Each structure stands twice: as C-alpha cells, then as structure tokens.
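K.L.:
File protein08.txt follows (compact mmCIF, C-alpha atoms):
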```txt
# COMPACT_ATOMS: atom_id res chain seq x y z
CA MET G 1 -44.63 13.45 66.20
CA PRO G 2 -45.13 10.03 67.85
CA VAL G 3 -42.75 9.15 70.64
CA MET G 4 -43.72 5.50 70.98
CA MET G 5 -42.67 2.55 68.85
CA GLN G 6 -44.69 -0.66 68.70
CA ILE G 7 -43.46 -4.19 67.96
CA GLY G 8 -46.43 -6.43 68.62
CA LYS G 9 -47.07 -6.39 72.36
CA LEU G 10 -43.81 -4.52 72.93
CA THR G 11 -44.17 -0.76 73.41
CA LEU G 12 -40.98 1.30 73.36
CA ASP G 13 -40.73 4.86 74.59
CA ALA G 14 -38.79 6.23 71.60
CA PRO G 15 -39.02 5.64 67.83
CA PHE G 16 -35.44 4.52 67.16
CA PHE G 17 -33.16 1.60 68.01
CA GLN G 18 -29.70 0.17 67.52
CA ALA G 19 -29.45 -2.10 64.51
CA GLY G 20 -27.54 -5.35 64.31
CA LEU G 21 -24.01 -4.57 63.07
CA ALA G 22 -21.59 -7.16 61.76
CA GLY G 23 -18.62 -7.52 64.07
CA TYR G 24 -19.75 -4.64 66.27
CA SER G 25 -23.10 -4.99 68.04
CA ASP G 26 -22.16 -7.48 70.73
CA ALA G 27 -23.51 -7.18 74.26
CA ALA G 28 -20.88 -4.59 75.18
CA MET G 29 -21.90 -2.18 72.41
CA ARG G 30 -25.59 -2.80 73.04
CA LEU G 31 -25.29 -2.02 76.76
CA ILE G 32 -23.43 1.21 76.02
CA ALA G 33 -26.17 2.19 73.57
CA ARG G 34 -28.90 1.42 76.12
CA ARG G 35 -27.16 3.47 78.80
CA HIS G 36 -27.22 6.39 76.38
CA GLY G 37 -30.88 6.14 75.46
CA ALA G 38 -31.41 3.33 72.95
CA PRO G 39 -34.72 1.70 73.96
CA TYR G 40 -34.21 -1.49 71.94
CA CYS G 41 -31.37 -3.36 70.22
CA VAL G 42 -30.94 -6.07 67.59
CA THR G 43 -28.16 -8.66 67.76
CA GLU G 44 -25.70 -9.51 65.06
CA ALA G 45 -27.29 -12.09 62.78
CA MET G 46 -26.82 -15.59 64.14
CA LEU G 47 -26.66 -18.52 61.76
CA ASP G 48 -29.25 -21.12 62.65
CA VAL G 49 -26.67 -23.92 62.33
CA PHE G 50 -24.39 -22.20 64.88
CA LEU G 51 -27.20 -22.33 67.42
CA LEU G 52 -28.16 -25.89 66.55
CA ASN G 53 -24.55 -27.09 66.85
CA GLY G 54 -24.22 -25.63 70.34
CA GLY G 55 -20.79 -24.67 71.66
CA LYS G 56 -19.53 -21.13 71.08
CA GLY G 57 -22.45 -20.17 68.84
CA LEU G 58 -24.98 -21.01 71.52
CA LYS G 59 -22.85 -19.47 74.28
CA ALA G 60 -22.59 -16.20 72.35
CA ALA G 61 -26.39 -16.01 72.16
CA GLU G 62 -26.82 -15.89 75.95
CA LEU G 63 -28.17 -12.59 77.29
CA ASP G 64 -27.28 -10.19 80.07
CA ASP G 65 -30.22 -9.28 82.33
CA GLU G 66 -29.78 -5.60 81.38
CA ASP G 67 -29.90 -6.38 77.66
CA HIS G 68 -33.68 -6.13 77.15
CA PRO G 69 -35.82 -5.62 75.20
CA ILE G 70 -33.86 -7.26 72.42
CA ALA G 71 -34.38 -8.96 69.07
CA GLY G 72 -32.39 -12.05 68.22
CA GLN G 73 -31.65 -11.88 64.51
CA LEU G 74 -31.49 -15.19 62.63
CA MET G 75 -30.15 -16.07 59.21
CA GLY G 76 -30.54 -19.35 57.36
CA SER G 77 -31.87 -20.99 54.23
CA ASN G 78 -33.67 -24.10 55.48
CA PRO G 79 -37.15 -23.61 57.01
CA ASP G 80 -36.82 -26.42 59.54
CA GLU G 81 -33.37 -25.35 60.71
CA ILE G 82 -34.17 -21.66 61.08
CA ALA G 83 -37.40 -22.56 62.90
CA ALA G 84 -35.39 -24.71 65.31
CA GLY G 85 -32.97 -21.81 65.79
CA ALA G 86 -35.89 -19.51 66.57
CA LYS G 87 -37.07 -21.91 69.29
CA ILE G 88 -33.61 -21.78 70.86
CA LEU G 89 -33.68 -17.98 70.95
CA VAL G 90 -37.11 -18.09 72.58
CA SER G 91 -35.75 -20.43 75.25
CA LEU G 92 -32.89 -17.99 75.89
CA GLY G 93 -35.35 -15.19 76.62
CA TYR G 94 -35.27 -13.03 73.49
CA ASP G 95 -38.15 -10.57 73.32
CA VAL G 96 -38.42 -10.53 69.51
CA ILE G 97 -37.29 -12.96 66.82
CA ASP G 98 -35.97 -11.20 63.71
CA VAL G 99 -35.27 -12.82 60.31
CA ASN G 100 -32.40 -11.41 58.26
CA LEU G 101 -33.20 -11.00 54.56
CA ALA G 102 -30.83 -8.10 53.99
CA CYS G 103 -27.19 -9.17 54.19
CA PRO G 104 -25.42 -8.53 50.85
CA VAL G 105 -22.12 -10.34 51.52
CA LYS G 106 -21.04 -12.67 48.70
CA LYS G 107 -20.14 -15.51 51.04
CA ILE G 108 -23.72 -15.45 52.24
CA ARG G 109 -24.93 -15.60 48.61
CA LYS G 110 -23.06 -18.87 48.13
CA LYS G 111 -25.22 -20.29 50.90
CA ALA G 112 -28.41 -18.56 49.62
CA ARG G 113 -28.87 -16.60 52.82
CA GLY G 114 -29.58 -13.02 53.76
CA GLY G 115 -30.54 -10.58 51.03
CA HIS G 116 -29.70 -13.00 48.24
CA LEU G 117 -32.64 -15.16 49.30
CA MET G 118 -34.94 -12.41 48.04
CA GLN G 119 -34.34 -13.80 44.55
CA GLU G 120 -36.32 -16.86 45.68
CA PRO G 121 -39.54 -15.43 47.16
CA ALA G 122 -41.24 -18.80 47.55
CA ASP G 123 -38.32 -20.04 49.65
CA VAL G 124 -38.43 -16.85 51.73
CA VAL G 125 -42.14 -17.24 52.43
CA ALA G 126 -41.56 -20.85 53.54
CA ILE G 127 -38.87 -19.67 55.96
CA LEU G 128 -41.02 -16.86 57.33
CA ASP G 129 -43.96 -19.21 57.80
CA ALA G 130 -41.80 -21.80 59.58
CA VAL G 131 -40.38 -19.22 62.00
CA ARG G 132 -43.76 -17.67 62.80
CA GLN G 133 -45.23 -21.12 63.51
CA ALA G 134 -42.27 -22.10 65.69
CA VAL G 135 -42.41 -18.98 67.85
CA PRO G 136 -45.16 -18.69 70.50
CA GLY G 137 -47.90 -16.27 69.51
CA ASP G 138 -47.17 -13.87 72.36
CA ILE G 139 -43.60 -13.28 71.12
CA PRO G 140 -43.38 -10.84 68.18
CA CYS G 141 -41.54 -11.73 65.00
CA SER G 142 -39.97 -9.19 62.67
CA VAL G 143 -37.93 -9.18 59.48
CA LYS G 144 -35.10 -7.09 58.05
CA LEU G 145 -34.99 -6.81 54.25
CA ARG G 146 -33.69 -4.63 51.46
CA ARG G 147 -35.81 -2.97 48.81
CA GLY G 148 -34.77 -5.68 46.35
CA THR G 149 -31.83 -7.62 45.05
CA ASP G 150 -31.33 -5.01 42.29
CA ASP G 151 -33.31 -2.37 40.40
CA THR G 152 -35.08 -4.70 37.96
CA PRO G 153 -38.89 -4.92 37.85
CA GLU G 154 -38.61 -8.58 38.83
CA ALA G 155 -36.70 -7.69 42.00
CA THR G 156 -39.32 -5.10 42.93
CA GLN G 157 -42.07 -7.64 42.34
CA ASN G 158 -40.22 -10.14 44.57
CA PHE G 159 -39.95 -7.53 47.31
CA HIS G 160 -43.69 -6.90 47.34
CA HIS G 161 -44.46 -10.62 47.25
CA ILE G 162 -42.29 -11.09 50.34
CA PHE G 163 -43.51 -7.94 52.11
CA GLU G 164 -47.14 -8.93 51.66
CA ALA G 165 -46.34 -12.36 53.09
CA VAL G 166 -44.69 -10.73 56.12
CA ILE G 167 -47.94 -8.92 56.91
CA ARG G 168 -50.17 -11.89 56.04
CA LEU G 169 -48.23 -14.32 58.23
CA GLY G 170 -48.65 -12.14 61.30
CA TYR G 171 -45.22 -10.55 61.64
CA ALA G 172 -45.27 -7.53 63.95
CA ALA G 173 -42.73 -5.39 62.11
CA ALA G 174 -40.36 -5.06 59.20
CA THR G 175 -37.23 -2.95 58.82
CA VAL G 176 -36.57 -1.99 55.20
CA HIS G 177 -33.15 -0.82 54.07
CA GLY G 178 -33.42 1.65 51.21
CA ARG G 179 -30.57 0.12 49.20
CA THR G 180 -30.59 -3.02 47.06
CA VAL G 181 -28.54 -6.13 47.78
CA GLU G 182 -26.46 -5.45 44.66
CA GLN G 183 -25.88 -1.88 45.81
CA LYS G 184 -24.49 -3.04 49.17
CA TYR G 185 -23.54 0.26 50.87
CA LEU G 186 -22.74 2.36 47.84
CA GLY G 187 -24.86 5.32 46.84
CA PRO G 188 -27.73 6.85 48.77
CA SER G 189 -30.44 4.93 50.56
CA ARG G 190 -33.67 5.49 48.64
CA TRP G 191 -35.99 6.96 51.25
CA GLU G 192 -38.69 7.59 48.66
CA PHE G 193 -39.07 3.81 48.39
CA LEU G 194 -39.93 3.71 52.09
CA ALA G 195 -42.49 6.47 51.62
CA GLY G 196 -44.04 4.49 48.78
CA ILE G 197 -44.44 1.41 50.97
CA VAL G 198 -46.14 3.44 53.68
CA LYS G 199 -48.69 4.79 51.18
CA GLN G 200 -49.20 1.59 49.19
CA TYR G 201 -49.97 -0.54 52.25
CA GLY G 202 -51.93 2.08 54.15
CA LEU G 203 -49.41 2.17 56.97
CA ASP G 204 -50.02 5.87 57.46
CA ARG G 205 -53.56 5.23 58.68
CA PRO G 206 -53.94 5.25 62.49
CA GLY G 207 -55.62 2.35 64.23
CA ALA G 208 -58.60 2.59 66.53
CA ALA G 209 -58.21 4.66 69.69
CA GLY G 210 -56.23 2.73 72.30
CA GLU G 211 -55.49 -0.09 69.86
CA ALA G 212 -51.89 -1.27 69.50
CA ARG G 213 -50.48 -0.96 66.00
CA ARG G 214 -50.84 -4.32 64.27
CA PHE G 215 -47.87 -3.85 61.95
CA SER G 216 -44.96 -1.40 62.16
CA LEU G 217 -42.57 -0.35 59.43
CA PHE G 218 -39.08 0.83 60.32
CA GLY G 219 -36.60 2.52 58.01
CA SER G 220 -32.87 1.98 57.59
CA GLY G 221 -30.05 3.62 55.67
CA ASP G 222 -28.16 6.94 55.86
CA ILE G 223 -28.89 7.72 59.50
CA TRP G 224 -25.76 9.58 60.56
CA CYS G 225 -27.00 11.88 63.33
CA ALA G 226 -29.98 12.31 65.64
CA ALA G 227 -31.70 14.78 63.32
CA ASP G 228 -31.70 12.17 60.53
CA VAL G 229 -33.95 9.92 62.62
CA PHE G 230 -36.75 12.44 62.64
CA ARG G 231 -36.11 13.63 59.10
CA MET G 232 -36.61 10.07 57.87
CA MET G 233 -39.83 9.74 59.84
CA LYS G 234 -41.13 13.02 58.50
CA GLU G 235 -40.16 12.36 54.87
CA THR G 236 -41.23 8.72 54.69
CA GLY G 237 -43.88 8.11 57.36
CA VAL G 238 -42.08 5.09 58.85
CA HIS G 239 -42.98 4.29 62.45
CA GLY G 240 -39.41 4.02 63.72
CA VAL G 241 -35.80 4.17 62.59
CA SER G 242 -32.94 1.68 62.74
CA VAL G 243 -29.64 3.41 63.55
CA ALA G 244 -26.72 1.45 62.14
CA ARG G 245 -23.25 2.71 61.14
CA GLY G 246 -24.10 6.12 62.53
CA CYS G 247 -24.00 4.83 66.11
CA ILE G 248 -20.63 3.05 65.99
CA GLY G 249 -18.40 5.03 68.31
CA ASN G 250 -21.27 7.46 68.80
CA PRO G 251 -23.73 6.27 71.47
CA TRP G 252 -24.52 9.95 72.06
CA VAL G 253 -26.69 9.84 68.94
CA PHE G 254 -29.36 8.20 71.12
CA THR G 255 -28.97 10.79 73.88
CA GLN G 256 -29.30 13.54 71.29
CA ALA G 257 -32.35 11.89 69.70
CA ARG G 258 -34.05 11.82 73.10
CA ALA G 259 -33.18 15.48 73.54
CA ILE G 260 -34.97 16.22 70.26
CA LEU G 261 -38.03 14.41 71.60
CA ALA G 262 -37.83 16.51 74.75
CA GLY G 263 -37.58 19.73 72.74
CA ASP G 264 -34.10 20.53 74.07
CA ALA G 265 -32.39 21.92 70.97
CA GLU G 266 -29.15 22.73 72.78
CA ALA G 267 -28.72 19.21 74.18
CA ALA G 268 -29.67 17.72 70.80
CA THR G 269 -26.50 19.11 69.23
CA ARG G 270 -24.19 19.14 72.26
CA PRO G 271 -20.96 17.25 71.52
CA PRO G 272 -19.52 14.86 74.11
CA THR G 273 -16.83 16.39 76.28
CA ILE G 274 -13.39 14.84 76.61
CA ALA G 275 -14.39 13.58 80.07
CA GLN G 276 -17.56 11.98 78.71
CA GLN G 277 -15.62 10.34 75.92
CA ARG G 278 -13.07 8.93 78.38
CA ALA G 279 -15.80 7.56 80.63
CA VAL G 280 -17.49 5.70 77.78
CA LEU G 281 -14.20 4.38 76.42
CA LEU G 282 -13.34 2.97 79.86
CA GLU G 283 -16.81 1.50 80.31
CA HIS G 284 -16.95 -0.05 76.83
CA PHE G 285 -13.53 -1.71 77.18
CA ASP G 286 -14.45 -3.10 80.60
CA LEU G 287 -17.67 -4.59 79.23
CA SER G 288 -15.79 -6.05 76.27
CA MET G 289 -13.18 -7.65 78.56
CA ARG G 290 -15.90 -9.27 80.65
CA LEU G 291 -17.48 -10.63 77.51
CA HIS G 292 -14.43 -11.68 75.47
CA GLY G 293 -11.42 -11.65 77.78
CA GLU G 294 -8.59 -9.09 77.70
CA ARG G 295 -6.76 -10.37 74.62
CA ALA G 296 -9.82 -10.56 72.39
CA ALA G 297 -11.16 -7.27 73.73
CA GLY G 298 -7.82 -5.59 72.99
CA MET G 299 -8.06 -6.65 69.37
CA MET G 300 -11.76 -5.94 68.94
CA MET G 301 -11.82 -2.56 70.66
CA ARG G 302 -9.27 -1.06 68.30
CA LYS G 303 -11.92 -0.60 65.62
CA PHE G 304 -14.23 1.01 68.18
CA GLY G 305 -11.44 3.33 69.28
CA ILE G 306 -10.97 4.49 65.70
CA LYS G 307 -14.67 5.34 65.47
CA PHE G 308 -14.72 7.06 68.86
CA SER G 309 -11.65 9.11 67.91
CA ARG G 310 -13.71 11.12 65.41
CA HIS G 311 -15.05 13.12 68.36
CA HIS G 312 -11.57 14.06 69.53
CA PRO G 313 -9.93 17.35 68.43
CA GLU G 314 -6.83 15.36 67.41
CA ALA G 315 -8.74 12.60 65.65
CA ASP G 316 -5.97 11.33 63.36
CA ARG G 317 -3.36 11.06 66.10
CA VAL G 318 -5.76 9.35 68.50
CA ALA G 319 -6.98 6.91 65.84
CA LYS G 320 -3.39 5.83 65.14
CA ALA G 321 -2.84 5.32 68.86
CA PHE G 322 -5.90 3.08 69.12
CA ILE G 323 -4.70 0.98 66.18
CA ALA G 324 -1.69 -0.06 68.28
CA VAL G 325 -3.79 -1.30 71.23
CA HIS G 326 -3.41 -4.95 72.25
CA SER G 327 -4.28 -4.95 75.95
CA ALA G 328 -6.10 -3.11 78.71
CA GLN G 329 -2.83 -1.44 79.62
CA ASP G 330 -2.44 -0.17 76.03
CA TRP G 331 -6.03 1.12 76.08
CA LEU G 332 -5.49 3.00 79.34
CA ARG G 333 -2.25 4.44 77.98
CA VAL G 334 -4.14 6.00 75.06
CA LEU G 335 -6.81 7.37 77.37
CA ASP G 336 -4.25 8.84 79.76
CA ASP G 337 -2.45 10.46 76.86
CA ALA G 338 -5.47 11.86 75.00
CA TYR G 339 -8.46 11.90 77.30
CA LEU G 340 -7.35 13.32 80.63
CA GLY G 341 -8.97 16.55 81.74
CA ASP G 342 -11.92 18.14 80.02
CA GLY G 343 -10.47 20.00 77.08
CA PRO G 344 -12.30 21.76 74.30
CA GLY G 345 -13.80 18.58 72.91
CA ALA G 346 -14.87 18.33 69.29
CA ALA G 347 -18.01 18.77 67.30
CA THR G 348 -20.27 15.77 67.10
CA VAL G 349 -19.66 13.98 63.82
CA THR G 350 -22.74 13.91 61.60
CA THR G 351 -21.25 12.17 58.57
CA PRO G 352 -19.14 9.02 58.46
CA VAL G 353 -15.51 8.75 57.55
CA ALA G 354 -15.56 7.99 53.83
CA ASP G 355 -13.36 4.92 54.07
CA ALA G 356 -14.88 3.56 57.27
CA PRO G 357 -13.87 -0.12 57.55
CA MET G 358 -17.37 -1.54 57.43
CA ASN G 359 -18.40 -4.54 55.39
CA CYS G 360 -21.98 -4.58 56.53
CA GLU G 361 -24.14 -1.77 57.82
CA ASP G 362 -26.80 -3.39 59.90
CA ASP G 363 -26.72 -7.07 59.18
CA SER G 364 -24.27 -9.41 60.86
CA CYS G 365 -22.94 -11.07 57.77
CA ASP G 366 -19.22 -11.20 58.38
CA ALA G 367 -19.32 -13.33 61.51
CA ALA G 368 -21.72 -15.75 59.86
CA ALA G 369 -20.02 -15.87 56.49
CA THR G 370 -17.45 -18.46 57.54
CA VAL G 371 -20.01 -21.26 57.52
```
Take the structure in this file and express it as structure tokens.

P.N.:
Amino acid sequence: MPVMMQIGKLTLDAPFFQAGLAGYSDAAMRLIARRHGAPYCVTEAMLDVFLLNGGKGLKAAELDDEDHPIAGQLMGSNPDEIAAGAKILVSLGYDVIDVNLACPVKKIRKKARGGHLMQEPADVVAILDAVRQAVPGDIPCSVKLRRGTDDTPEATQNFHHIFEAVIRLGYAAATVHGRTVEQKYLGPSRWEFLAGIVKQYGLDRPGAAGEARRFSLFGSGDIWCAADVFRMMKETGVHGVSVARGCIGNPWVFTQARAILAGDAEAATRPPTIAQQRAVLLEHFDLSMRLHGERAAGMMMRKFGIKFSRHHPEADRVAKAFIAVHSAQDWLRVLDDAYLGDGPGAATVTTPVADAPMNCEDDSCDAAATV
C-alpha cells in the first residue's frame, strides 16, 4: 500500500488529509489535526469576492506559519474574479489552489456556484482555465467536485466533460465526492463511481520509476474512522482520501491512520483517554480564542465540544454541558467537571451521530452563502 500522496510538486508522507468543512475547518481545527498526524489540510471555501473586497474576508485568509502545506479553496462563478482571487491566495503563501465545484447548498445555487455550476460545464471549464493561467506553474491547482448534479445521463456526461478538462488543463489533483449535488449528504457515497473513474482514465497505472505522479485522484464521502481511509483506497484505487465529517471532534483519526501505516494494530484502534481528550479540548479552545477572541470562540467551540463529547463515557451529559458554554471560564468548568483524572475513557466513535448538525460535509458553503 502506498504511503505517499502527490499533489504536483508536493509530496506528502501519508495518503489522507483534512477536508475543508463549512463552519469548522478554521486555523484552530487545522492545527489540531496537523498535531495529530494530518499531513495536509484544505481551508473552508472562500468566495472570490470576499478576497477581492478585502477587509475581514482577506484577513481570514492569512496563514499561520505552522499551517502548511495547505490548499486555499476558492468558490466563484466569474472566471476573471476567481482568477484574481487565486492570485491573492498565491500572494498569501498558499501551497495549492483548490476550486470548489461540490457545495450543494441552495443559497450557492442562486449564485451559480459550487456543485450547481456542474450543470454548466462550459462555464466550469472557463473558470478552471482562468485559475490555472492565473496561478504560477510551480504552484499546483486542484479541484473538488461531486459525481454529478443528479443521477441523469446528462449529469454524468457533464461530470466527465469537466473531469477531462481538469486533466487537460494541467491540474495536479481532483477530489471526487461520491454523492450527487442533489443528494447532498443523504444516502451512501457511491465508492464504485470512484473505482470506475480510476479504471476509465488509467489512473491505476504507475508512472515511470522515480517520476512524480502527474495527476492524483482523491476520494471523499463516508470516511468515519481510520480503517475507512484504507478500505476506500483498496476498494476504489484512489491515491488519497479526504477526511471530512469523520474528523470533527476526532483528530485521533489521523493518529490512528498513521498507526495503520506503521502496522501497529493496537494503536490503530486505541481510544483517546480522558486526559488526552482534556488536553486537546484545552488546546483547541486556546487556539480558537487567539484566532477569534474569547466571545466568538465561546460560541463557536460549543459545536466542537458536542462532537468531542462522543468519546466521553457520559456523552449526553457532557454534550449538554458544552451547549451552555459562552466563555473560557465556562469551557474550563466543563473540563474540570468531566475531564479531570484519567478515567475509563470511551471507545473511539466510528460512526457519526445520526442528527449531527452539519449542513456541509467538506465544502465551506455556509460561510460563503450569505453573499
């Protein structure tokens, strides 16, 4: 099994990464993921107009020195504007420029962005061409897309038209989500579609000895635990895996995935102890405060606390306590009540809570949908 992942000139030491997650994958979450073994992260999707208008949108795109390698994910509908946004991300030091063609949110559809753009393949190709021309040749470009807008033959044809353009225009990688735009996050991700792409485009054929892979295909959808990463690779032949909802409140999924690579079966299934959970909860809140300030962090971290609570033996009680958090003092009060000592811990969660409050799995639609 390969342990490297290639994105153009960028070589990563593990075949998985943290996806962009609407309302979640800010710098604080990304740094926690990196410190637990994620070799690469993708930002929430940034609207090109936010970057072009400056102000908070541009400020939010600034990077921490530790936050590399990283892809800046862009979303827009005008070739000139999204190309200008790509240039801004290059100037800010992003290692990869990623185009979002996957977001299924209705507000995005009204603006003909994200996954809904896949209904207009000619427009998509113009956008992809503009971005690739705007970005220096030594900086890789990638794209995130769904397997189609729906299950009609026309949607499938549009997907292949776009996918072929991605390769032709010199993009280094594509991440394909195995659900349609219409499907959003309901029903299973169709991994057999990913396997079909690998075969159809000859992506299972190795390159010449010592030659970097010219184009990489990554898979997305239904990755809930470390074992799923390698099951997807085995079943589909993709070159790497995007971990999305499965890593919210569970940075240990990356630690466990690295343990699988190392052949350490015990570590690959070892749940986080109460002490380990407390340490990460303290660290994540501190990073969030530095990024957003105490008030905003207090509001934002509640949803993370709910996700983290699934590891705790008293998950329901702890989740309710996190819901009431408004400040750093409230956060510490919950930790002192539920996370002192090193109790029995809880089994690592491998499936999501059924009613998890997520509007977007791995595309930052919600934050962008207000424009």

K.L.:
Using only C-alpha atoms, find each residue of stretch 32-88 of chain G with at least one atom at most 12 Å away from an atom of stretch 167-189 of chain G; report its shortest atom-to-atom pair and that distance in Å (one decimal), sort the rows by chain and rising residue number, and return the result as a Markdown table.

P.N.:
```
| residue | atom | partner | partner_atom | distance |
| --- | --- | --- | --- | --- |
| G:Val42 | CA | G:Thr175 | CA | 11.2 |
| G:Ala71 | CA | G:Ala173 | CA | 11.4 |
| G:Gln73 | CA | G:Thr175 | CA | 12.0 |
```

K.L.:
Residues around (-43.8, -23.8, 65.9), cut-off 10 Å, counting only C-alpha atoms - what are they as an mmCIF file with C-alpha atoms, in the coordinates of the input?

P.N.:
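Listed below is the output, out_10.cif:
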```
data_model
loop_
_atom_site.group_PDB
_atom_site.id
_atom_site.type_symbol
_atom_site.label_atom_id
_atom_site.label_comp_id
_atom_site.auth_asym_id
_atom_site.auth_seq_id
_atom_site.Cartn_x
_atom_site.Cartn_y
_atom_site.Cartn_z
ATOM 1 C CA ASP G 80 -36.820 -26.420 59.540
ATOM 2 C CA ALA G 83 -37.400 -22.560 62.900
ATOM 3 C CA ALA G 84 -35.390 -24.710 65.310
ATOM 4 C CA ALA G 86 -35.890 -19.510 66.570
ATOM 5 C CA LYS G 87 -37.070 -21.910 69.290
ATOM 6 C CA ASP G 129 -43.960 -19.210 57.800
ATOM 7 C CA ALA G 130 -41.800 -21.800 59.580
ATOM 8 C CA VAL G 131 -40.380 -19.220 62.000
ATOM 9 C CA ARG G 132 -43.760 -17.670 62.800
ATOM 10 C CA GLN G 133 -45.230 -21.120 63.510
ATOM 11 C CA ALA G 134 -42.270 -22.100 65.690
ATOM 12 C CA VAL G 135 -42.410 -18.980 67.850
ATOM 13 C CA PRO G 136 -45.160 -18.690 70.500
ATOM 14 C CA GLY G 137 -47.900 -16.270 69.510
#
```

K.L.:
Out of G:Pro69, G:Gly76, G:Glu120, G:Phe159, which residue has the shortest atom-to-atom distance to G:Leu52 when counting only C-alpha atoms?

P.N.:
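Closest residue, counting only C-alpha atoms: G:Gly76.
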
K.L.:
Between atom CA of G:Leu10 and atom CA of G:Cys41, what is the distance, to one decimal in Å?

P.N.:
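Those two atoms sit 12.8 Å apart.
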
K.L.:
Nearest to G:Ala319: which of G:Pro104, G:Gly37, G:Gly249, G:Gly72 is it, counting all atoms listed in the file?

P.N.:
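Ranked by minimum distance to G:Ala319, first place goes to G:Gly249.
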
K.L.:
Output as an mmCIF file, in the coordinates of the input: stretch 187-200 of chain G, completed with N, CA and C atoms.

P.N.:
```cif
data_model
loop_
_atom_site.group_PDB
_atom_site.id
_atom_site.type_symbol
_atom_site.label_atom_id
_atom_site.label_comp_id
_atom_site.auth_asym_id
_atom_site.auth_seq_id
_atom_site.Cartn_x
_atom_site.Cartn_y
_atom_site.Cartn_z
ATOM 1 N N GLY G 187 -23.767 4.477 47.282
ATOM 2 C CA GLY G 187 -24.860 5.320 46.840
ATOM 3 C C GLY G 187 -25.848 5.584 47.961
ATOM 4 N N PRO G 188 -26.777 6.476 47.723
ATOM 5 C CA PRO G 188 -27.730 6.850 48.770
ATOM 6 C C PRO G 188 -28.782 5.780 49.017
ATOM 7 N N SER G 189 -29.285 5.760 50.234
ATOM 8 C CA SER G 189 -30.440 4.930 50.560
ATOM 9 C C SER G 189 -31.680 5.623 50.011
ATOM 10 N N ARG G 190 -32.528 4.886 49.324
ATOM 11 C CA ARG G 190 -33.670 5.490 48.640
ATOM 12 C C ARG G 190 -34.858 5.612 49.602
ATOM 13 N N TRP G 191 -34.917 6.741 50.276
ATOM 14 C CA TRP G 191 -35.990 6.960 51.250
ATOM 15 C C TRP G 191 -37.351 7.050 50.583
ATOM 16 N N GLU G 192 -37.393 7.484 49.328
ATOM 17 C CA GLU G 192 -38.690 7.590 48.660
ATOM 18 C C GLU G 192 -39.337 6.213 48.490
ATOM 19 N N PHE G 193 -38.519 5.164 48.450
ATOM 20 C CA PHE G 193 -39.070 3.810 48.390
ATOM 21 C C PHE G 193 -39.828 3.504 49.674
ATOM 22 N N LEU G 194 -39.263 3.920 50.809
ATOM 23 C CA LEU G 194 -39.930 3.710 52.090
ATOM 24 C C LEU G 194 -41.265 4.450 52.129
ATOM 25 N N ALA G 195 -41.252 5.689 51.644
ATOM 26 C CA ALA G 195 -42.490 6.470 51.620
ATOM 27 C C ALA G 195 -43.548 5.801 50.759
ATOM 28 N N GLY G 196 -43.108 5.192 49.657
ATOM 29 C CA GLY G 196 -44.040 4.490 48.780
ATOM 30 C C GLY G 196 -44.678 3.286 49.445
ATOM 31 N N ILE G 197 -43.896 2.559 50.245
ATOM 32 C CA ILE G 197 -44.440 1.410 50.970
ATOM 33 C C ILE G 197 -45.507 1.861 51.962
ATOM 34 N N VAL G 198 -45.198 2.919 52.688
ATOM 35 C CA VAL G 198 -46.140 3.440 53.680
ATOM 36 C C VAL G 198 -47.489 3.747 53.023
ATOM 37 N N LYS G 199 -47.457 4.414 51.873
ATOM 38 C CA LYS G 199 -48.690 4.790 51.180
ATOM 39 C C LYS G 199 -49.382 3.567 50.578
ATOM 40 N N GLN G 200 -48.615 2.726 49.904
ATOM 41 C CA GLN G 200 -49.200 1.590 49.190
ATOM 42 C C GLN G 200 -49.935 0.629 50.127
#
```
